[in-house]
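Text of the file data-v4.csv, holding CSV, C-alpha atoms:
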```
chain,number,residue,atom,x,y,z
A,243,MET,CA,94.8,36.9,-82.9
A,244,THR,CA,94.2,39.7,-80.4
A,245,GLU,CA,91.4,39.0,-78.0
A,246,GLN,CA,88.0,40.2,-79.4
A,247,THR,CA,84.9,40.9,-77.4
A,248,VAL,CA,81.7,39.1,-78.3
A,249,LEU,CA,78.2,39.7,-76.8
A,250,ILE,CA,75.9,36.7,-76.8
A,251,SER,CA,72.2,37.3,-76.1
A,252,GLY,CA,70.6,34.3,-74.4
A,253,ALA,CA,71.7,31.9,-71.7
A,254,GLY,CA,69.7,28.9,-72.8
A,255,VAL,CA,71.5,26.1,-74.8
A,256,ALA,CA,73.2,27.8,-77.7
A,257,GLY,CA,74.4,30.8,-75.7
A,258,PRO,CA,76.6,29.0,-73.1
A,259,THR,CA,77.8,26.6,-75.7
A,260,LEU,CA,78.9,29.5,-77.9
A,261,ALA,CA,80.6,31.2,-74.9
A,262,TYR,CA,82.5,28.0,-74.0
A,263,TRP,CA,83.9,27.5,-77.5
A,264,LEU,CA,84.5,31.2,-78.3
A,265,ALA,CA,86.6,31.5,-75.1
A,266,ARG,CA,88.7,28.6,-76.4
A,267,ALA,CA,89.1,30.2,-79.8
A,268,GLY,CA,90.6,33.4,-78.3
A,269,PHE,CA,87.6,35.6,-77.8
A,270,ARG,CA,86.3,37.3,-74.6
A,271,PRO,CA,82.6,36.4,-74.4
A,272,THR,CA,79.8,38.1,-72.5
A,273,VAL,CA,76.4,36.5,-72.2
A,274,VAL,CA,73.3,38.7,-71.4
A,275,GLU,CA,70.1,37.0,-70.4
A,276,ARG,CA,66.7,38.7,-69.8
A,277,ALA,CA,65.7,36.4,-67.0
A,278,ALA,CA,67.0,37.0,-63.5
A,279,GLY,CA,68.6,33.6,-63.5
A,280,LEU,CA,68.8,30.3,-65.4
A,281,ARG,CA,65.4,29.4,-66.6
A,282,SER,CA,63.6,26.8,-68.7
A,283,SER,CA,60.4,25.0,-69.0
A,284,GLY,CA,62.2,22.0,-67.6
A,285,SER,CA,60.8,19.8,-70.3
A,286,PRO,CA,62.9,16.9,-71.6
A,287,VAL,CA,65.1,17.5,-74.6
A,288,ASP,CA,67.6,15.4,-76.4
A,289,VAL,CA,71.4,15.6,-76.9
A,290,ARG,CA,72.3,13.3,-79.8
A,291,GLY,CA,74.3,13.0,-82.9
A,292,PRO,CA,76.5,16.0,-83.5
A,293,ALA,CA,75.6,17.5,-80.1
A,294,SER,CA,76.9,14.3,-78.4
A,295,ARG,CA,80.2,14.9,-80.0
A,296,VAL,CA,80.2,18.5,-78.8
A,297,ALA,CA,79.4,17.4,-75.3
A,298,ASP,CA,82.2,14.8,-75.4
A,299,ARG,CA,84.7,17.6,-76.4
A,300,MET,CA,83.4,19.8,-73.5
A,301,GLY,CA,83.8,17.0,-71.0
A,302,ILE,CA,80.2,17.1,-69.8
A,303,THR,CA,78.8,13.8,-71.1
A,304,ALA,CA,79.0,12.1,-67.7
A,305,LYS,CA,77.1,15.0,-66.1
A,306,LEU,CA,74.4,14.8,-68.9
A,307,ARG,CA,74.0,11.1,-68.2
A,308,GLU,CA,73.7,11.7,-64.4
A,309,ALA,CA,70.8,14.1,-65.2
A,310,SER,CA,69.1,11.9,-67.8
A,311,THR,CA,65.6,10.5,-67.6
A,312,ALA,CA,64.9,6.8,-67.4
A,313,VAL,CA,62.1,6.7,-70.1
A,314,THR,CA,62.2,3.6,-72.3
A,315,SER,CA,58.7,3.5,-73.8
A,316,LEU,CA,55.8,5.6,-75.0
A,317,LYS,CA,52.3,4.3,-74.3
A,318,PHE,CA,49.2,5.6,-76.1
A,319,VAL,CA,45.9,5.5,-74.2
A,320,ASP,CA,42.2,6.2,-74.9
A,321,ASP,CA,39.5,8.1,-73.0
A,322,THR,CA,39.4,5.4,-70.3
A,323,GLY,CA,43.2,5.0,-70.0
A,324,ARG,CA,43.2,1.7,-71.9
A,325,ARG,CA,46.4,1.2,-73.9
A,326,THR,CA,46.0,1.5,-77.7
A,327,GLY,CA,49.6,1.4,-78.7
A,328,ARG,CA,53.2,1.3,-77.4
A,329,VAL,CA,56.5,2.4,-78.9
A,330,ALA,CA,60.0,1.6,-77.6
A,331,MET,CA,62.2,4.6,-77.0
A,332,GLY,CA,66.0,5.1,-76.7
A,333,GLY,CA,68.7,2.9,-78.1
A,334,ASP,CA,70.0,5.6,-80.5
A,335,GLY,CA,72.9,6.7,-78.4
A,336,GLY,CA,71.3,10.0,-77.4
A,337,ILE,CA,70.7,11.4,-73.9
A,338,GLU,CA,67.3,12.7,-72.8
A,339,LEU,CA,67.4,15.1,-69.9
A,340,PRO,CA,65.3,18.1,-68.6
A,341,ARG,CA,66.2,21.3,-70.4
A,342,THR,CA,66.8,23.0,-67.1
A,343,ASP,CA,69.6,20.6,-66.3
A,344,LEU,CA,71.1,20.9,-69.8
A,345,ALA,CA,71.2,24.7,-69.5
A,346,ALA,CA,72.7,24.5,-66.0
A,347,ILE,CA,75.4,22.1,-67.1
A,348,LEU,CA,76.4,24.2,-70.1
A,349,HIS,CA,76.4,27.3,-67.9
A,350,GLU,CA,78.7,25.6,-65.4
A,351,ALA,CA,81.1,24.6,-68.2
A,352,ALA,CA,81.2,28.2,-69.6
A,353,ARG,CA,81.1,30.5,-66.5
A,354,GLU,CA,84.8,30.4,-65.7
A,355,ASP,CA,85.7,31.8,-69.1
A,356,ALA,CA,82.7,34.1,-69.8
A,357,GLU,CA,80.9,37.0,-68.2
A,358,PHE,CA,77.2,36.3,-67.5
A,359,VAL,CA,74.9,39.2,-67.0
A,360,PHE,CA,71.3,38.2,-65.9
A,361,HIS,CA,68.2,40.3,-65.7
A,362,ASP,CA,69.1,42.6,-68.6
A,363,SER,CA,68.5,42.7,-72.3
A,364,ILE,CA,69.5,44.5,-75.5
A,365,THR,CA,67.4,47.5,-76.6
A,366,GLU,CA,69.5,49.0,-79.4
A,367,LEU,CA,72.3,47.9,-81.7
A,368,SER,CA,74.4,50.2,-83.9
A,369,GLN,CA,77.3,48.8,-85.9
A,370,ASP,CA,80.1,50.2,-87.9
A,371,ASP,CA,83.3,48.9,-89.5
A,372,GLY,CA,85.0,48.6,-86.1
A,373,GLY,CA,82.4,47.1,-83.8
A,374,VAL,CA,78.8,47.2,-82.4
A,375,ASP,CA,77.5,49.8,-79.9
A,376,VAL,CA,75.0,48.1,-77.6
A,377,THR,CA,72.4,49.8,-75.4
A,378,PHE,CA,70.9,47.7,-72.6
A,379,GLU,CA,67.6,47.9,-70.7
A,380,ARG,CA,69.4,48.2,-67.4
A,381,GLY,CA,73.1,48.3,-67.7
A,382,ALA,CA,75.4,51.0,-69.1
A,383,PRO,CA,76.0,51.0,-72.9
A,384,ARG,CA,79.0,49.0,-74.1
A,385,ARG,CA,80.9,48.3,-77.3
A,386,PHE,CA,81.7,44.8,-78.7
A,387,ASP,CA,83.5,43.5,-81.7
A,388,LEU,CA,80.7,41.1,-82.5
A,389,VAL,CA,77.1,40.4,-81.3
A,390,LEU,CA,75.5,37.0,-81.5
A,391,GLY,CA,71.7,36.5,-81.0
A,392,ALA,CA,71.0,33.1,-79.3
A,393,ASP,CA,67.8,34.4,-77.8
A,394,GLY,CA,65.3,31.9,-79.1
A,395,LEU,CA,62.2,31.9,-81.2
A,396,HIS,CA,61.1,35.4,-80.1
A,397,SER,CA,64.6,36.8,-80.6
A,398,GLY,CA,65.2,40.5,-79.7
A,399,VAL,CA,68.4,40.6,-81.7
A,400,ARG,CA,66.6,39.3,-84.8
A,401,ARG,CA,63.9,41.9,-84.4
A,402,LEU,CA,66.4,44.8,-83.9
A,403,VAL,CA,68.6,43.8,-86.8
A,404,PHE,CA,66.5,42.0,-89.4
A,405,GLY,CA,62.9,43.2,-88.8
A,406,PRO,CA,59.6,42.2,-87.1
A,407,GLU,CA,59.0,38.6,-86.0
A,408,HIS,CA,56.1,38.0,-88.4
A,409,ALA,CA,58.4,38.3,-91.3
A,410,PHE,CA,60.4,35.2,-90.3
A,411,VAL,CA,58.3,33.1,-87.9
A,412,GLU,CA,55.8,30.7,-89.5
A,413,HIS,CA,53.0,29.3,-87.3
A,414,MET,CA,52.7,25.5,-88.0
A,415,GLY,CA,49.1,25.1,-86.9
A,416,VAL,CA,49.9,23.6,-83.5
A,417,TYR,CA,50.4,24.9,-79.9
A,418,VAL,CA,52.2,23.3,-77.1
A,419,ALA,CA,52.0,23.9,-73.3
A,420,THR,CA,53.9,22.4,-70.5
A,421,LEU,CA,53.2,22.2,-66.8
A,422,PRO,CA,55.3,20.7,-64.0
A,423,LEU,CA,53.5,18.3,-61.8
A,424,ALA,CA,54.2,18.0,-58.1
A,425,ASP,CA,53.4,14.3,-57.6
A,426,PRO,CA,55.9,11.6,-58.6
A,427,PRO,CA,55.1,9.4,-61.6
A,428,ALA,CA,53.7,5.9,-61.2
A,429,ASP,CA,56.3,4.6,-63.6
A,430,ARG,CA,59.6,6.5,-64.3
A,431,THR,CA,60.3,4.5,-67.4
A,432,GLU,CA,57.0,5.2,-69.2
A,433,LEU,CA,55.7,8.3,-71.1
A,434,VAL,CA,51.9,8.2,-71.5
A,435,MET,CA,50.0,10.0,-74.2
A,436,TYR,CA,46.3,10.5,-74.7
A,437,ASN,CA,44.9,11.6,-78.0
A,438,SER,CA,41.6,12.8,-79.4
A,439,PRO,CA,41.3,14.3,-82.9
A,440,GLY,CA,43.5,17.4,-83.1
A,441,ARG,CA,44.6,17.1,-79.4
A,442,ALA,CA,47.2,15.3,-77.4
A,443,VAL,CA,48.2,15.3,-73.7
A,444,ALA,CA,51.3,13.5,-72.5
A,445,VAL,CA,52.6,12.9,-69.0
A,446,HIS,CA,56.4,12.5,-68.9
A,447,PRO,CA,58.0,11.2,-65.7
A,448,SER,CA,61.1,13.4,-66.2
A,449,ARG,CA,63.4,12.8,-63.3
A,450,GLY,CA,60.8,11.9,-60.7
A,451,ARG,CA,58.7,15.0,-61.0
A,452,GLY,CA,56.2,14.6,-63.8
A,453,ILE,CA,55.6,17.1,-66.6
A,454,ALA,CA,52.3,17.4,-68.5
A,455,ALA,CA,52.5,18.4,-72.1
A,456,PHE,CA,49.5,19.7,-74.0
A,457,MET,CA,49.6,19.7,-77.8
A,458,PHE,CA,46.7,20.9,-79.9
A,459,ARG,CA,46.0,22.0,-83.4
A,460,GLY,CA,44.8,25.6,-83.9
A,461,ALA,CA,45.0,28.6,-86.2
A,462,ALA,CA,47.3,31.5,-85.4
A,463,VAL,CA,45.8,33.7,-82.7
A,464,PRO,CA,45.8,37.4,-83.6
A,465,GLY,CA,48.0,39.3,-81.2
A,466,PHE,CA,49.2,36.2,-79.5
A,467,ASP,CA,51.6,36.9,-76.6
A,468,HIS,CA,53.8,34.1,-75.5
A,469,ARG,CA,54.1,35.7,-72.0
A,470,ASP,CA,50.3,36.1,-71.4
A,471,VAL,CA,49.6,33.3,-68.9
A,472,ALA,CA,45.9,34.3,-68.5
A,473,LEU,CA,45.4,33.9,-72.3
A,474,HIS,CA,47.2,30.6,-72.3
A,475,LYS,CA,44.9,29.2,-69.6
A,476,ARG,CA,41.8,30.2,-71.6
A,477,MET,CA,43.2,28.6,-74.7
A,478,LEU,CA,43.9,25.3,-73.0
A,479,ALA,CA,40.4,25.3,-71.4
A,480,GLU,CA,38.8,25.9,-74.7
A,481,ALA,CA,41.0,23.4,-76.7
A,482,TYR,CA,40.4,20.5,-74.2
A,483,ALA,CA,36.8,21.0,-73.3
A,484,GLY,CA,35.2,17.5,-73.1
A,485,ALA,CA,38.4,15.6,-73.3
A,486,GLY,CA,38.8,12.3,-71.4
A,487,TRP,CA,41.5,10.4,-69.5
A,488,ARG,CA,43.2,12.6,-66.9
A,489,VAL,CA,42.6,15.8,-68.8
A,490,PRO,CA,39.9,17.4,-66.5
A,491,GLU,CA,42.2,16.8,-63.5
A,492,LEU,CA,45.2,18.3,-65.4
A,493,LEU,CA,43.1,21.3,-66.6
A,494,GLU,CA,42.3,22.0,-62.9
A,495,ARG,CA,46.1,22.1,-62.2
A,496,VAL,CA,46.5,24.5,-65.2
A,497,ARG,CA,43.9,26.9,-63.7
A,498,GLU,CA,45.9,27.0,-60.4
A,499,ALA,CA,49.3,27.0,-62.0
A,500,GLY,CA,51.9,29.8,-61.6
A,501,ASP,CA,54.5,28.0,-63.7
A,502,LEU,CA,52.8,27.4,-67.1
A,503,TYR,CA,54.5,27.6,-70.6
A,504,LEU,CA,52.6,27.9,-73.8
A,505,ASP,CA,53.7,28.9,-77.3
A,506,SER,CA,53.0,28.1,-80.9
A,507,VAL,CA,54.9,25.4,-82.8
A,508,SER,CA,56.7,27.6,-85.3
A,509,ARG,CA,59.4,27.5,-87.9
A,510,VAL,CA,61.9,30.3,-88.5
A,511,ARG,CA,62.8,30.9,-92.1
A,512,MET,CA,65.4,33.5,-93.1
A,513,GLY,CA,67.3,34.3,-96.2
A,514,GLY,CA,70.5,34.9,-94.2
A,515,TRP,CA,71.5,34.7,-90.5
A,516,SER,CA,74.0,37.5,-90.4
A,517,SER,CA,74.3,41.2,-91.1
A,518,GLY,CA,77.8,42.8,-90.8
A,519,ARG,CA,79.1,42.0,-87.3
A,520,ILE,CA,75.9,40.5,-86.0
A,521,ALA,CA,74.7,36.9,-86.5
A,522,LEU,CA,72.0,34.6,-85.2
A,523,ALA,CA,72.3,31.1,-83.7
A,524,GLY,CA,70.0,28.4,-82.4
A,525,ASP,CA,66.2,29.0,-82.6
A,526,ALA,CA,66.7,32.7,-83.3
A,527,ALA,CA,68.1,31.7,-86.8
A,528,SER,CA,66.3,28.5,-87.6
A,529,CYS,CA,63.8,27.3,-85.1
A,530,VAL,CA,62.3,23.8,-85.8
A,531,SER,CA,60.3,24.0,-82.6
A,532,LEU,CA,58.4,21.1,-80.9
A,533,PHE,CA,59.3,18.2,-83.2
A,534,GLY,CA,62.9,18.9,-84.2
A,535,ASP,CA,66.2,18.4,-82.6
A,536,GLY,CA,66.2,21.9,-81.1
A,537,SER,CA,68.8,21.4,-78.4
A,538,THR,CA,70.9,19.2,-80.5
A,539,LEU,CA,70.9,21.7,-83.4
A,540,ALA,CA,71.6,24.6,-81.0
A,541,MET,CA,74.7,22.9,-79.6
A,542,ALA,CA,76.0,21.7,-83.0
A,543,GLY,CA,75.4,25.1,-84.6
A,544,ALA,CA,77.1,27.0,-81.7
A,545,TYR,CA,80.1,24.8,-82.0
A,546,THR,CA,80.3,25.3,-85.8
A,547,LEU,CA,79.9,29.1,-85.4
A,548,ALA,CA,82.6,29.4,-82.8
A,549,GLU,CA,84.9,27.1,-84.8
A,550,GLU,CA,84.5,29.3,-88.0
A,551,LEU,CA,85.0,32.5,-86.1
A,552,GLY,CA,88.2,31.1,-84.7
A,553,ARG,CA,89.8,30.4,-88.1
A,554,PRO,CA,92.4,32.9,-89.4
A,555,PRO,CA,92.5,35.5,-90.8
A,556,GLY,CA,89.7,36.6,-88.5
A,557,ASP,CA,87.2,37.7,-91.1
A,558,ALA,CA,83.8,37.6,-89.3
A,559,ALA,CA,81.6,38.0,-92.4
A,560,ALA,CA,83.3,35.1,-94.1
A,561,ALA,CA,83.1,33.0,-90.9
A,562,PHE,CA,79.3,33.7,-90.7
A,563,ARG,CA,78.9,32.6,-94.3
A,564,ARG,CA,80.8,29.3,-93.7
A,565,TYR,CA,78.8,28.6,-90.5
A,566,GLU,CA,75.5,29.2,-92.2
A,567,ALA,CA,76.3,27.0,-95.2
A,568,ALA,CA,77.4,24.1,-93.0
A,569,HIS,CA,74.6,24.4,-90.4
A,570,ARG,CA,71.7,24.7,-92.9
A,571,LYS,CA,72.5,21.2,-94.1
A,572,LEU,CA,71.5,19.9,-90.6
A,573,VAL,CA,68.6,22.3,-90.0
A,574,GLU,CA,66.6,22.2,-93.3
A,575,PRO,CA,65.7,18.5,-93.3
A,576,LYS,CA,64.4,18.9,-89.8
A,577,GLN,CA,62.3,21.9,-90.7
A,578,ARG,CA,60.7,19.9,-93.6
A,579,ASN,CA,59.7,17.1,-91.3
A,580,VAL,CA,57.6,19.2,-88.8
A,581,SER,CA,54.2,18.5,-90.5
A,582,THR,CA,54.9,14.8,-90.7
A,583,ALA,CA,55.8,14.6,-87.0
A,584,ALA,CA,52.7,16.5,-86.1
A,585,ALA,CA,50.5,14.1,-88.1
A,586,LEU,CA,52.0,11.2,-86.1
A,587,LEU,CA,51.6,12.7,-82.6
A,588,ILE,CA,48.5,14.8,-83.1
A,589,PRO,CA,46.3,13.2,-85.8
A,590,ALA,CA,43.6,15.6,-87.0
A,591,THR,CA,40.9,13.0,-87.5
A,592,ARG,CA,39.6,9.8,-85.8
A,593,GLY,CA,40.7,7.9,-88.9
A,594,GLY,CA,44.2,9.3,-88.7
A,595,LEU,CA,44.3,8.4,-85.0
A,596,ALA,CA,43.2,4.8,-85.6
A,597,ALA,CA,45.8,4.5,-88.4
A,598,ARG,CA,48.6,5.9,-86.1
A,599,ASN,CA,47.7,3.5,-83.3
A,600,PHE,CA,47.7,0.6,-85.6
A,601,GLY,CA,51.0,1.8,-87.0
A,602,THR,CA,52.7,1.7,-83.6
A,603,ARG,CA,52.6,-2.1,-83.8
A,604,LEU,CA,54.5,-2.0,-87.1
A,605,LEU,CA,56.8,1.1,-87.3
A,606,PRO,CA,59.1,2.8,-84.8
A,607,LEU,CA,58.1,6.4,-84.1
A,608,VAL,CA,61.0,7.2,-82.0
A,609,THR,CA,62.2,10.3,-83.8
A,610,ALA,CA,58.8,12.0,-83.5
A,611,ALA,CA,57.8,10.6,-80.2
A,612,ARG,CA,60.8,11.9,-78.2
A,613,ARG,CA,60.1,15.5,-79.1
A,614,LEU,CA,57.4,16.5,-76.6
A,615,ALA,CA,58.5,20.0,-75.7
A,616,PRO,CA,60.2,22.9,-77.1
A,617,ALA,CA,64.0,22.3,-77.3
```
Please express what this file holds, its structure, as structure tokens.
Amino acid sequence: MTEQTVLISGAGVAGPTLAYWLARAGFRPTVVERAAGLRSSGSPVDVRGPASRVADRMGITAKLREASTAVTSLKFVDDTGRRTGRVAMGGDGGIELPRTDLAAILHEAAREDAEFVFHDSITELSQDDGGVDVTFERGAPRRFDLVLGADGLHSGVRRLVFGPEHAFVEHMGVYVATLPLADPPADRTELVMYNSPGRAVAVHPSRGRGIAAFMFRGAAVPGFDHRDVALHKRMLAEAYAGAGWRVPELLERVREAGDLYLDSVSRVRMGGWSSGRIALAGDAASCVSLFGDGSTLAMAGAYTLAEELGRPPGDAAAAFRRYEAAHRKLVEPKQRNVSTAAALLIPATRGGLAARNFGTRLLPLVTAARRLAPA
């Protein structure tokens, strides 16, 4: 097969994974990323199941383990910090590590065989039978054989090709915010979570620099902007007014923070993930947000997409259909479980909270408990 050019939008998890495998399938990949460099909330994510097998084939498993966290348990506490429940974590063969580290390891694996263009983004796409003409915000226009959108929940490629975000993104009634903490954790093996009805705050030790995660129930905010930090600070102050435990102290850090992430817990639902020579991957196609295996699914889906594109006779449209049919089998069960996971981690009532705390003595909540930040 003659070498074909592929533009990938997004240098998070799916994008570099796609670049790595497409290069090995005979393509010439270019990755464009809006940010000036590698970025992430840094929150812990999981590499497990099908993504573990992808990591093994990429030869990066040892690096993932070196970057992994040491968390072995989740402790629930009340207003005074008294323990109300505990859940053992780990033991399923997966690796938990900060998303920043995962993205950096994937970028390192792909950069020798792919072109990475940072601090730029796609503004226009025009395709015909022979390829896709791409206009960039900063760089000169270029033409590619294929374009793949791996640019997350708020995908620009999806908006340009399929339509406005509101047509595909469903707010799940929960918001999540994450904030890095400068001080080291008291216990690097323990994740601590505080709940009051409709609200949760967790402090994760990460890799020696703690991360606070705020999760709260709330209706969709009209005109919500995931980049408006001033709005995010107001939302957190209102949502956590009167909360106990360490929350007042953490809210003070929020007020002073320059590095704060907040977004809605959302689910992306689309009838199809491709149009002609353009397709979507990762959260852009099928976000399962806070409580799903976001990073795992992104890596697994990227591998499947690259594998299908590499099959002869080089029919991209057929490859996109095969990829979507296979990957939906992994994604759809996770999307159906979002509400159940939210009920476990953010009970809406005091009765639900009491039942959850009692249940921690009887049932493992590992699957839900490990997902404390967007993947």
For the contact check between stretch 272-305 of chain A and stretch 513-533 of chain A, emit one row per residue of stretch 272-305 of chain A within 12 Å, containing the shortest atom pair and the distance in Å rounded to one decimal, counting only C-alpha atoms, chain then rising number order, as CSV.
```
residue,atom,partner,partner_atom,distance
A:Ser285,CA,A:Leu532,CA,10.9
A:Pro286,CA,A:Leu532,CA,11.2
A:Val287,CA,A:Leu532,CA,9.9
A:Asp288,CA,A:Phe533,CA,11.1
```
Saved selection, atoms kept: C-alpha atoms, as a compact mmCIF listing (two decimals), in the frame of the given file:
```txt
# COMPACT_ATOMS: atom_id res chain seq x y z
CA SER A 285 60.80 19.80 -70.30
CA PRO A 286 62.90 16.90 -71.60
CA VAL A 287 65.10 17.50 -74.60
CA ASP A 288 67.60 15.40 -76.40
```
Residues of stretch 261-350 of chain A at most 9 Å from stretch 469-493 of chain A: nearest atom pair and distance in Å, all atoms listed in the file, as a Markdown table:
```
| residue | atom | partner | partner_atom | distance |
| --- | --- | --- | --- | --- |
| A:Val319 | CA | A:Trp487 | CA | 8.1 |
| A:Asp320 | CA | A:Trp487 | CA | 6.9 |
| A:Asp321 | CA | A:Gly486 | CA | 4.5 |
| A:Thr322 | CA | A:Trp487 | CA | 5.5 |
| A:Gly323 | CA | A:Trp487 | CA | 5.7 |
```
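Our summary of the geometry notes that atom CA of A:Arg325 is positioned 18.8 Å from atom CA of A:Thr591.
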- Long-range neighbours of stretch 308-310 of chain A as an MDAnalysis selection string, 7 Å cut-off, all atoms listed in the file, 2 positions minimum in chain: chainID A and resid 304:306 312 337:339 343
Take the residues from that selection and write them out as a compact mmCIF listing (two decimals), keeping the file's coordinate frame, keeping C-alpha atoms.
```txt
# COMPACT_ATOMS: atom_id res chain seq x y z
CA ALA A 304 79.00 12.10 -67.70
CA LYS A 305 77.10 15.00 -66.10
CA LEU A 306 74.40 14.80 -68.90
CA ALA A 312 64.90 6.80 -67.40
CA ILE A 337 70.70 11.40 -73.90
CA GLU A 338 67.30 12.70 -72.80
CA LEU A 339 67.40 15.10 -69.90
CA ASP A 343 69.60 20.60 -66.30
```
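Among the candidates A:His361, A:Arg299, A:Arg341, A:His413, the one nearest to A:Val273 when counting all atoms listed in the file is A:His361.
Taking atom CA of A:Thr365 and atom CA of A:Leu249 as the two end points, the separation is 13.3 Å.
Ranking A:Val389, A:Val411, A:Ala544, A:Ala455 by their shortest atom-to-atom distance to A:Gly254, with only C-alpha atoms included, puts A:Ala544 first.
Here the question is which of A:Gly301, A:Gly268, A:Gly594, A:Pro589 gets nearest to A:Ala442 using all atoms listed in the file, and that residue is A:Pro589.
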- Message: List as number ranges by chain the protein and nucleic acid residues near A:Thr420, meaning an atom at most 12 Å away when only C-alpha atoms are counted, but skip any in the same chain fewer than 6 places from it.
- Response: A: 282-286, 442-446, 452-458, 471, 474-475, 478, 492-493, 495-496, 499-506, 532, 614-616
